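Asks: My structure file structure-v9.cif, mmCIF, C-alpha atoms (C1' of nucleotides), is below:
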```cif
data_final
#
loop_
_atom_site.label_atom_id
_atom_site.label_comp_id
_atom_site.auth_asym_id
_atom_site.auth_seq_id
_atom_site.Cartn_x
_atom_site.Cartn_y
_atom_site.Cartn_z
CA MET A 236 0.00 0.00 0.00
CA PRO A 237 1.54 3.30 -1.00
CA ARG A 238 2.02 6.32 1.20
CA LYS A 239 -1.22 7.94 0.10
CA PRO A 240 -4.56 6.54 1.26
CA LEU A 241 -6.39 4.53 -1.36
CA SER A 242 -9.88 5.05 -2.65
CA THR A 243 -12.48 2.32 -2.50
CA GLU A 244 -12.29 2.07 -6.25
CA GLN A 245 -8.54 1.57 -6.21
CA LEU A 246 -8.85 -1.08 -3.51
CA GLY A 247 -11.35 -2.88 -5.72
CA LEU A 248 -8.93 -2.94 -8.61
CA ILE A 249 -6.12 -4.19 -6.42
CA ALA A 250 -8.34 -6.89 -4.96
CA GLU A 251 -9.23 -7.99 -8.47
CA ARG A 252 -5.58 -8.48 -9.33
CA PHE A 253 -4.89 -10.44 -6.19
CA LYS A 254 -7.89 -12.59 -6.97
CA ALA A 255 -6.33 -13.50 -10.30
CA LEU A 256 -3.42 -14.96 -8.34
CA SER A 257 -5.54 -16.65 -5.71
CA GLU A 258 -6.26 -19.91 -7.53
CA PRO A 259 -3.86 -22.87 -7.47
CA SER A 260 -4.59 -23.76 -11.09
CA ARG A 261 -3.72 -20.29 -12.29
CA LEU A 262 -0.51 -20.30 -10.27
CA GLU A 263 0.33 -23.64 -11.79
CA ILE A 264 -0.14 -22.15 -15.24
CA LEU A 265 2.05 -19.18 -14.36
CA ASN A 266 4.59 -21.55 -12.88
CA THR A 267 4.71 -23.35 -16.22
CA LEU A 268 5.26 -20.07 -18.05
CA ARG A 269 8.32 -19.35 -15.91
CA GLU A 270 10.18 -21.64 -18.29
CA GLY A 271 9.22 -19.43 -21.22
CA GLU A 272 6.58 -19.00 -23.85
CA ARG A 273 4.17 -21.92 -24.19
CA THR A 274 1.17 -22.83 -26.34
CA VAL A 275 -2.13 -23.70 -24.72
CA SER A 276 -1.58 -27.33 -25.65
CA GLU A 277 1.77 -27.35 -23.93
CA ILE A 278 0.23 -25.84 -20.84
CA LEU A 279 -2.47 -28.50 -20.89
CA GLU A 280 0.15 -31.18 -20.98
CA ALA A 281 2.31 -29.58 -18.31
CA THR A 282 -0.51 -29.02 -15.85
CA GLY A 283 -2.93 -31.84 -16.59
CA LEU A 284 -5.84 -29.40 -16.40
CA GLY A 285 -8.84 -29.45 -18.74
CA GLN A 286 -8.72 -27.53 -22.02
CA ALA A 287 -11.70 -25.25 -21.48
CA ASN A 288 -10.58 -24.65 -17.94
CA VAL A 289 -7.08 -23.59 -18.95
CA SER A 290 -8.42 -21.41 -21.72
CA LYS A 291 -10.61 -19.53 -19.28
CA HIS A 292 -7.81 -19.14 -16.78
CA LEU A 293 -5.60 -17.76 -19.51
CA GLN A 294 -8.25 -15.25 -20.57
CA LEU A 295 -8.46 -14.05 -17.00
CA LEU A 296 -4.70 -13.83 -16.54
CA HIS A 297 -4.46 -11.91 -19.78
CA ALA A 298 -7.27 -9.54 -18.81
CA SER A 299 -5.45 -8.96 -15.53
CA GLY A 300 -2.27 -8.14 -17.41
CA PHE A 301 -0.18 -10.95 -15.98
CA VAL A 302 0.37 -12.71 -19.29
CA ASP A 303 0.86 -11.59 -22.87
CA ARG A 304 0.05 -13.68 -25.93
CA ARG A 305 0.61 -13.92 -29.63
CA LYS A 306 -1.13 -16.05 -32.20
CA ASP A 307 0.90 -18.00 -34.71
CA GLY A 308 -1.09 -20.09 -37.10
CA VAL A 309 -3.43 -22.29 -35.19
CA SER A 310 -1.67 -21.88 -31.87
CA THR A 311 -1.68 -19.19 -29.24
CA TYR A 312 1.56 -18.63 -27.37
CA TYR A 313 1.35 -17.28 -23.84
CA ARG A 314 4.13 -15.81 -21.73
CA LEU A 315 4.58 -13.89 -18.48
CA ALA A 316 3.94 -10.20 -19.16
CA ASP A 317 6.76 -9.10 -16.82
CA GLY A 318 8.60 -10.04 -13.66
CA ASP A 319 5.95 -8.87 -11.23
CA VAL A 320 4.30 -12.26 -10.86
CA LEU A 321 7.64 -13.71 -9.88
CA ARG A 322 8.26 -10.92 -7.42
CA LEU A 323 4.81 -11.24 -5.87
CA CYS A 324 5.12 -14.97 -5.46
CA GLU A 325 8.62 -14.69 -4.06
CA LEU A 326 7.32 -12.32 -1.43
CA MET A 327 4.60 -14.79 -0.49
CA CYS A 328 7.03 -17.68 -0.50
CA GLY A 329 9.30 -15.78 1.83
CA ARG A 330 6.42 -15.41 4.25
CA LEU A 331 5.62 -19.11 4.09
CA GLU A 332 9.23 -20.05 4.72
CA VAL A 333 9.43 -17.86 7.79
CA GLU A 334 6.17 -19.34 8.98
CA ALA A 335 7.43 -22.89 8.46
CA ARG A 336 10.57 -22.11 10.39
CA VAL A 337 8.60 -20.69 13.30
CA LYS A 338 6.32 -23.72 13.35
CA LYS A 339 9.31 -26.05 13.27
CA LYS A 340 10.89 -24.20 16.17
CA LEU A 341 7.72 -24.50 18.19
CA PHE A 342 7.84 -28.28 17.95
CA ALA A 343 11.59 -28.59 18.42
CA MET B 189 8.04 -17.25 -8.02
CA PRO B 190 11.45 -18.37 -6.80
CA ARG B 191 14.14 -19.97 -8.90
CA LYS B 192 13.15 -23.51 -7.93
CA PRO B 193 9.96 -25.06 -9.27
CA LEU B 194 7.09 -25.12 -6.80
CA SER B 195 5.12 -28.13 -5.64
CA THR B 196 1.36 -28.27 -6.01
CA GLU B 197 1.11 -28.03 -2.25
CA GLN B 198 3.21 -24.87 -2.14
CA LEU B 199 1.17 -23.30 -4.91
CA GLY B 200 -1.95 -24.02 -2.87
CA LEU B 201 -0.54 -22.22 0.13
CA ILE B 202 0.51 -19.25 -1.94
CA ALA B 203 -2.91 -19.08 -3.57
CA GLU B 204 -4.49 -19.10 -0.13
CA ARG B 205 -2.48 -16.05 0.88
CA PHE B 206 -3.32 -14.17 -2.26
CA LYS B 207 -6.96 -15.01 -1.68
CA ALA B 208 -6.76 -13.31 1.71
CA LEU B 209 -5.82 -10.13 -0.14
CA SER B 210 -8.37 -10.54 -2.90
CA GLU B 211 -11.37 -8.94 -1.19
CA PRO B 212 -11.99 -5.18 -1.20
CA SER B 213 -13.32 -5.22 2.37
CA ARG B 214 -10.21 -6.89 3.67
CA LEU B 215 -7.98 -4.44 1.82
CA GLU B 216 -10.00 -1.63 3.31
CA ILE B 217 -9.36 -3.06 6.75
CA LEU B 218 -5.65 -3.36 6.04
CA ASN B 219 -5.67 0.14 4.65
CA THR B 220 -7.10 1.34 7.95
CA LEU B 221 -4.38 -0.46 9.87
CA ARG B 222 -1.71 1.40 7.91
CA GLU B 223 -2.31 4.27 10.33
CA GLY B 224 -1.41 2.01 13.23
CA GLU B 225 -2.98 -0.34 15.75
CA ARG B 226 -6.78 -0.21 15.92
CA THR B 227 -9.54 -1.91 17.90
CA VAL B 228 -12.30 -3.76 16.11
CA SER B 229 -14.69 -0.97 16.99
CA GLU B 230 -12.41 1.61 15.45
CA ILE B 231 -12.16 -0.49 12.31
CA LEU B 232 -15.93 -0.74 12.18
CA GLU B 233 -16.21 3.00 12.33
CA ALA B 234 -13.47 3.63 9.81
CA THR B 235 -14.78 1.21 7.24
CA GLY B 236 -18.53 1.25 7.80
CA LEU B 237 -18.62 -2.54 7.51
CA GLY B 238 -20.75 -4.82 9.70
CA GLN B 239 -19.41 -6.08 13.00
CA ALA B 240 -19.65 -9.80 12.35
CA ASN B 241 -18.29 -9.28 8.90
CA VAL B 242 -15.22 -7.39 10.10
CA SER B 243 -14.61 -9.91 12.84
CA LYS B 244 -14.54 -12.74 10.34
CA HIS B 245 -12.27 -10.85 7.98
CA LEU B 246 -9.90 -10.17 10.85
CA GLN B 247 -9.83 -13.84 11.82
CA LEU B 248 -8.90 -14.71 8.26
CA LEU B 249 -6.24 -12.02 8.00
CA HIS B 250 -4.80 -13.20 11.28
CA ALA B 251 -4.84 -16.84 10.23
CA SER B 252 -3.04 -15.80 7.06
CA GLY B 253 -0.41 -14.01 9.10
CA PHE B 254 -1.06 -10.54 7.72
CA VAL B 255 -2.17 -9.02 11.03
CA ASP B 256 -1.16 -9.51 14.65
CA ARG B 257 -3.40 -8.80 17.62
CA ARG B 258 -3.39 -8.31 21.35
CA LYS B 259 -6.24 -8.27 23.78
CA ASP B 260 -6.47 -5.53 26.32
CA GLY B 261 -9.46 -5.75 28.56
CA VAL B 262 -12.56 -6.00 26.52
CA SER B 263 -10.95 -4.82 23.31
CA THR B 264 -8.82 -6.53 20.71
CA TYR B 265 -6.18 -4.43 19.02
CA TYR B 266 -5.15 -5.38 15.51
CA ARG B 267 -2.10 -4.23 13.58
CA LEU B 268 -0.22 -5.09 10.40
CA ALA B 269 2.07 -8.02 11.12
CA ASP B 270 4.87 -6.60 8.96
CA GLY B 271 5.55 -4.53 5.87
CA ASP B 272 4.80 -7.23 3.34
CA VAL B 273 1.19 -6.21 2.81
CA LEU B 274 2.37 -2.73 1.96
CA ARG B 275 5.00 -4.07 -0.41
CA LEU B 276 2.52 -6.40 -2.12
CA CYS B 277 -0.04 -3.66 -2.60
CA GLU B 278 2.57 -1.22 -3.81
CA LEU B 279 3.59 -3.69 -6.46
CA MET B 280 -0.02 -4.07 -7.58
CA CYS B 281 -0.55 -0.33 -7.52
CA GLY B 282 2.49 0.14 -9.69
CA ARG B 283 0.97 -2.21 -12.25
CA LEU B 284 -2.32 -0.35 -12.20
CA GLU B 285 -0.58 2.98 -12.68
CA VAL B 286 1.31 1.74 -15.68
CA GLU B 287 -1.90 0.31 -17.08
CA ALA B 288 -3.72 3.59 -16.59
CA ARG B 289 -0.93 5.46 -18.34
CA VAL B 290 -1.06 3.10 -21.29
CA LYS B 291 -4.83 3.41 -21.55
CA LYS B 292 -4.58 7.18 -21.38
CA LYS B 293 -1.99 7.17 -24.13
CA LEU B 294 -4.23 5.05 -26.33
CA PHE B 295 -6.98 7.64 -26.15
CA ALA B 296 -4.69 10.66 -26.47
"C1'" DT C 236 -23.81 -10.88 40.91
"C1'" DG C 237 -26.16 -8.44 37.26
"C1'" DA C 238 -25.95 -5.07 33.52
"C1'" DG C 239 -23.35 -3.28 29.81
"C1'" DT C 240 -19.94 -3.39 26.21
"C1'" DA C 241 -16.59 -5.54 22.81
"C1'" DT C 242 -15.66 -9.28 20.12
"C1'" DA C 243 -16.39 -13.83 18.27
"C1'" DT C 244 -19.15 -17.49 16.32
"C1'" DG C 245 -23.09 -20.20 14.19
"C1'" DA C 246 -26.71 -20.49 10.83
"C1'" DC C 247 -28.36 -18.90 6.77
"C1'" DT C 248 -28.75 -16.67 2.03
"C1'" DA C 249 -27.12 -14.85 -2.09
"C1'" DT C 250 -23.58 -14.56 -5.32
"C1'" DA C 251 -19.34 -15.67 -7.67
"C1'" DT C 252 -16.61 -18.90 -9.92
"C1'" DA C 253 -13.86 -23.39 -10.87
"C1'" DG C 254 -14.54 -27.19 -13.50
"C1'" DT C 255 -16.95 -29.90 -17.12
"C1'" DT C 256 -19.35 -30.97 -21.46
"C1'" DA C 257 -20.67 -29.59 -25.75
"C1'" DT C 258 -20.12 -26.52 -29.36
"C1'" DA C 259 -18.24 -22.66 -32.00
"C1'" DT C 260 -14.47 -20.34 -34.30
"C1'" DA C 261 -10.48 -20.02 -36.52
"C1'" DT C 262 -6.42 -21.90 -39.17
"C1'" DG C 263 -3.93 -25.13 -41.71
"C1'" DT C 264 -3.71 -29.22 -45.18
"C1'" DG C 265 -4.98 -32.66 -48.61
"C1'" DC D 195 -13.93 -27.61 -50.45
"C1'" DA D 196 -13.77 -31.33 -46.76
"C1'" DC D 197 -11.37 -32.45 -42.81
"C1'" DA D 198 -8.30 -32.13 -38.84
"C1'" DT D 199 -6.37 -29.50 -35.12
"C1'" DA D 200 -5.94 -25.64 -31.67
"C1'" DT D 201 -8.27 -22.52 -29.02
"C1'" DA D 202 -12.26 -20.05 -27.34
"C1'" DT D 203 -16.88 -19.73 -25.63
"C1'" DA D 204 -21.64 -21.00 -23.78
"C1'" DA D 205 -24.43 -23.44 -20.61
"C1'" DC D 206 -24.53 -25.82 -16.59
"C1'" DT D 207 -23.39 -27.70 -11.82
"C1'" DA D 208 -21.17 -27.75 -7.60
"C1'" DT D 209 -18.73 -25.37 -4.18
"C1'" DA D 210 -16.89 -21.53 -1.64
"C1'" DT D 211 -17.60 -17.41 0.69
"C1'" DA D 212 -19.16 -12.41 1.69
"C1'" DG D 213 -22.58 -10.45 4.19
"C1'" DT D 214 -26.26 -10.48 7.72
"C1'" DC D 215 -28.88 -11.66 11.87
"C1'" DA D 216 -28.98 -13.79 16.06
"C1'" DT D 217 -26.49 -15.46 19.79
"C1'" DA D 218 -22.53 -16.71 22.61
"C1'" DT D 219 -18.43 -15.51 25.08
"C1'" DA D 220 -15.41 -12.56 27.72
"C1'" DC D 221 -14.31 -8.68 30.25
"C1'" DT D 222 -15.58 -4.41 33.24
"C1'" DC D 223 -17.77 -2.11 36.65
"C1'" DA D 224 -21.40 -0.81 39.83
#
```
Written as structure tokens, that's how I'd like the structure from this file.

Replies:
Amino acid sequence: MPRKPLSTEQLGLIAERFKALSEPSRLEILNTLREGERTVSEILEATGLGQANVSKHLQLLHASGFVDRRKDGVSTYYRLADGDVLRLCELMCGRLEVEARVKKKLFA
Amino acid sequence: MPRKPLSTEQLGLIAERFKALSEPSRLEILNTLREGERTVSEILEATGLGQANVSKHLQLLHASGFVDRRKDGVSTYYRLADGDVLRLCELMCGRLEVEARVKKKLFA
DNA sequence: TGAGTATATGACTATATAGTTATATATGTG
DNA sequence: CACATATATAACTATATAGTCATATACTCA
């Protein structure tokens, strides 16, 4: 949250973006795209998710600006739009690691 | 997302945390706590949300590790657990600003 | 102890959405 | 053109959850 207070409208937009990242299947898709550009078919294979399901998730991730895409012939290639997804997830992972350490210490 | 690939289980935990931040009401609560420690009553007043509703949101935020709390007498004081919420939201805000600039440019 | 206040919790409803199935829309190839 | 393949979309179902109302719990004080 920045220095300035945020309007209700801004909070709504932020919430919407976080929601895009709040589903395991979508994170799995993004995780696949870490390796680089992939077609929908490749994502299907990598994740084991259903075709229609993946397609919808990709539409949402694209609408949220987390992935870019290009069409080439019959295929659509998706890729991470920028490094923010990685940064966001790293931040969350850091939290989880700390948490795990604390829990471990409690039982030690 | 960190350098190493993430397990399905880890992705689930990360998604869970993002979900905690994916509701406007909860962001509004966190936004209130930016100013410092607040009681539930103060949060009610600041946000205009219902009592039971706020209480449940606070339980969730606490379970997710985003807020800490202490009881003093009949009141419970909540506060941001650390700076990560601010960092996460700043990142999202940055994205939205860029997006807004691009949109503006398109219509210029 | 009884009344009052602050917070938490349970039950319920309404809404959003993940996943699936079936179908539509390209695009490429013989 | 007919057909195959890749992706997108529509309709539907099942599940999760935000919000609300009613109630429970916990603390304070007279």

Asks: May I have chain B as a compact mmCIF listing (two decimals) with C-alpha atoms, in the coordinates of the input, after a least-squares superposition on chain A that uses all C-alpha atoms paired in order?

Replies:
```
# COMPACT_ATOMS: atom_id res chain seq x y z
CA MET B 189 0.07 -0.05 0.05
CA PRO B 190 1.55 3.27 -1.02
CA ARG B 191 2.03 6.29 1.17
CA LYS B 192 -1.22 7.92 0.07
CA PRO B 193 -4.56 6.54 1.22
CA LEU B 194 -6.38 4.49 -1.39
CA SER B 195 -9.88 5.04 -2.71
CA THR B 196 -12.50 2.32 -2.53
CA GLU B 197 -12.30 2.05 -6.29
CA GLN B 198 -8.54 1.53 -6.22
CA LEU B 199 -8.85 -1.10 -3.52
CA GLY B 200 -11.36 -2.91 -5.73
CA LEU B 201 -8.93 -2.99 -8.62
CA ILE B 202 -6.12 -4.22 -6.43
CA ALA B 203 -8.34 -6.92 -4.97
CA GLU B 204 -9.23 -8.02 -8.48
CA ARG B 205 -5.57 -8.52 -9.32
CA PHE B 206 -4.88 -10.46 -6.19
CA LYS B 207 -7.89 -12.61 -6.96
CA ALA B 208 -6.32 -13.52 -10.30
CA LEU B 209 -3.41 -14.97 -8.34
CA SER B 210 -5.54 -16.66 -5.71
CA GLU B 211 -6.25 -19.93 -7.53
CA PRO B 212 -3.85 -22.89 -7.47
CA SER B 213 -4.59 -23.78 -11.10
CA ARG B 214 -3.71 -20.32 -12.28
CA LEU B 215 -0.49 -20.32 -10.27
CA GLU B 216 0.34 -23.66 -11.80
CA ILE B 217 -0.13 -22.16 -15.23
CA LEU B 218 2.07 -19.20 -14.35
CA ASN B 219 4.60 -21.57 -12.88
CA THR B 220 4.71 -23.36 -16.22
CA LEU B 221 5.26 -20.09 -18.05
CA ARG B 222 8.33 -19.38 -15.92
CA GLU B 223 10.19 -21.68 -18.30
CA GLY B 224 9.24 -19.44 -21.20
CA GLU B 225 6.57 -19.00 -23.85
CA ARG B 226 4.16 -21.92 -24.20
CA THR B 227 1.15 -22.81 -26.35
CA VAL B 228 -2.15 -23.69 -24.74
CA SER B 229 -1.60 -27.31 -25.67
CA GLU B 230 1.76 -27.35 -23.97
CA ILE B 231 0.20 -25.84 -20.86
CA LEU B 232 -2.49 -28.49 -20.92
CA GLU B 233 0.13 -31.18 -21.00
CA ALA B 234 2.29 -29.61 -18.34
CA THR B 235 -0.51 -29.03 -15.89
CA GLY B 236 -2.94 -31.85 -16.63
CA LEU B 237 -5.84 -29.41 -16.43
CA GLY B 238 -8.85 -29.44 -18.77
CA GLN B 239 -8.74 -27.53 -22.03
CA ALA B 240 -11.71 -25.25 -21.48
CA ASN B 241 -10.59 -24.65 -17.95
CA VAL B 242 -7.09 -23.59 -18.96
CA SER B 243 -8.43 -21.40 -21.72
CA LYS B 244 -10.62 -19.52 -19.28
CA HIS B 245 -7.82 -19.13 -16.78
CA LEU B 246 -5.60 -17.75 -19.51
CA GLN B 247 -8.25 -15.24 -20.56
CA LEU B 248 -8.46 -14.04 -16.98
CA LEU B 249 -4.70 -13.85 -16.53
CA HIS B 250 -4.47 -11.92 -19.76
CA ALA B 251 -7.27 -9.55 -18.79
CA SER B 252 -5.45 -8.97 -15.52
CA GLY B 253 -2.27 -8.15 -17.38
CA PHE B 254 -0.18 -10.97 -15.96
CA VAL B 255 0.39 -12.73 -19.29
CA ASP B 256 0.87 -11.57 -22.86
CA ARG B 257 0.06 -13.65 -25.92
CA ARG B 258 0.61 -13.89 -29.64
CA LYS B 259 -1.12 -15.99 -32.20
CA ASP B 260 0.90 -17.93 -34.69
CA GLY B 261 -1.14 -19.97 -37.08
CA VAL B 262 -3.48 -22.17 -35.20
CA SER B 263 -1.69 -21.82 -31.89
CA THR B 264 -1.68 -19.15 -29.22
CA TYR B 265 1.55 -18.60 -27.36
CA TYR B 266 1.35 -17.28 -23.83
CA ARG B 267 4.14 -15.81 -21.72
CA LEU B 268 4.59 -13.90 -18.48
CA ALA B 269 3.95 -10.23 -19.15
CA ASP B 270 6.76 -9.12 -16.82
CA GLY B 271 8.61 -10.06 -13.66
CA ASP B 272 5.97 -8.88 -11.23
CA VAL B 273 4.31 -12.27 -10.85
CA LEU B 274 7.65 -13.72 -9.87
CA ARG B 275 8.28 -10.91 -7.40
CA LEU B 276 4.81 -11.26 -5.87
CA CYS B 277 5.14 -15.00 -5.45
CA GLU B 278 8.63 -14.69 -4.06
CA LEU B 279 7.33 -12.35 -1.42
CA MET B 280 4.60 -14.82 -0.49
CA CYS B 281 7.05 -17.70 -0.49
CA GLY B 282 9.30 -15.79 1.83
CA ARG B 283 6.42 -15.42 4.26
CA LEU B 284 5.63 -19.11 4.09
CA GLU B 285 9.25 -20.03 4.73
CA VAL B 286 9.43 -17.86 7.79
CA GLU B 287 6.16 -19.34 9.00
CA ALA B 288 7.43 -22.87 8.50
CA ARG B 289 10.59 -22.06 10.42
CA VAL B 290 8.60 -20.66 13.31
CA LYS B 291 6.32 -23.69 13.39
CA LYS B 292 9.31 -26.00 13.32
CA LYS B 293 10.88 -24.12 16.19
CA LEU B 294 7.71 -24.43 18.23
CA PHE B 295 7.83 -28.20 17.97
CA ALA B 296 11.59 -28.50 18.47
```

Asks: Compute the set of chain A residues within 10 Å of chain C, using all atoms listed in the file, and express it as a list in words.

Replies: Glu258, Ser260, Leu284, Gly285, Gln286, Ala287, Asn288, Val289, Lys291, His292, Asp307, Gly308, Val309 and Ser310 of chain A

Asks: Pick from B:Leu274, B:Leu279, B:Ile231, B:Val286: nearest to chain A, with only C-alpha atoms counted?

Replies: B:Leu274

Asks: With chain A as the partner and 7 Å as the cut-off, tabulate the residues of chain B that qualify, each row holding the nearest pair of atoms and their distance in Å to one decimal, using all atoms listed in the file, sorted by chain and rising number, as a Markdown table.

Replies:
```
| residue | atom | partner | partner_atom | distance |
| --- | --- | --- | --- | --- |
| B:Met189 | CA | A:Leu321 | CA | 4.0 |
| B:Pro190 | CA | A:Glu325 | CA | 5.4 |
| B:Leu199 | CA | A:Pro259 | CA | 5.7 |
| B:Gly200 | CA | A:Pro259 | CA | 5.1 |
| B:Ile202 | CA | A:Met327 | CA | 6.2 |
| B:Ala203 | CA | A:Ser257 | CA | 4.2 |
| B:Glu204 | CA | A:Ser257 | CA | 6.2 |
| B:Phe206 | CA | A:Ser257 | CA | 4.8 |
| B:Lys207 | CA | A:Ser257 | CA | 4.6 |
| B:Leu209 | CA | A:Phe253 | CA | 6.1 |
| B:Ser210 | CA | A:Ala250 | CA | 4.2 |
| B:Glu211 | CA | A:Ala250 | CA | 5.3 |
| B:Pro212 | CA | A:Gly247 | CA | 5.1 |
| B:Leu215 | CA | A:Leu246 | CA | 6.4 |
| B:Glu216 | CA | A:Leu246 | CA | 6.9 |
| B:Val273 | CA | A:Met236 | CA | 6.9 |
| B:Leu274 | CA | A:Met236 | CA | 4.1 |
| B:Arg275 | CA | A:Met236 | CA | 6.5 |
| B:Leu276 | CA | A:Leu323 | CA | 6.5 |
| B:Cys277 | CA | A:Met236 | CA | 4.5 |
| B:Glu278 | CA | A:Met236 | CA | 4.8 |
| B:Met280 | CA | A:Ile249 | CA | 6.2 |
| B:Cys281 | CA | A:Ile249 | CA | 6.9 |
```

Asks: Could you write out as number ranges by chain the residues of chain D within 9 Å of chain A, counting all atoms listed in the file?

Replies: D: 199-203

Asks: Produce a file of the selected residues containing C-alpha atoms (C1' of nucleotides), as a PDB file, keeping the file's coordinate frame.

Replies:
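again_19.pdb written:
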```pdb
ATOM      1  C1'  DT D 199      -6.370 -29.500 -35.120  1.00  0.00           C
ATOM      2  C1'  DA D 200      -5.940 -25.640 -31.670  1.00  0.00           C
ATOM      3  C1'  DT D 201      -8.270 -22.520 -29.020  1.00  0.00           C
ATOM      4  C1'  DA D 202     -12.260 -20.050 -27.340  1.00  0.00           C
ATOM      5  C1'  DT D 203     -16.880 -19.730 -25.630  1.00  0.00           C
TER       6       DT D 203
END
```

Asks: In Å to one decimal, how far is CA of Val255 (chain B) from CA of Gly236 (chain B)?

Replies: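 These atoms are spaced 19.6 Å apart.
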
Asks: Mind pulling up the distance from CA of Ala298 (chain A) to CA of Leu249 (chain B)?

Replies: 26.9 Å

Asks: Grab the CA of Ile264 (chain A) to C1' of DA208 (chain D) distance for me, in Å with one decimal place.

Replies: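 Separation between CA of Ile264 (chain A) and C1' of DA208 (chain D): 23.1 Å.
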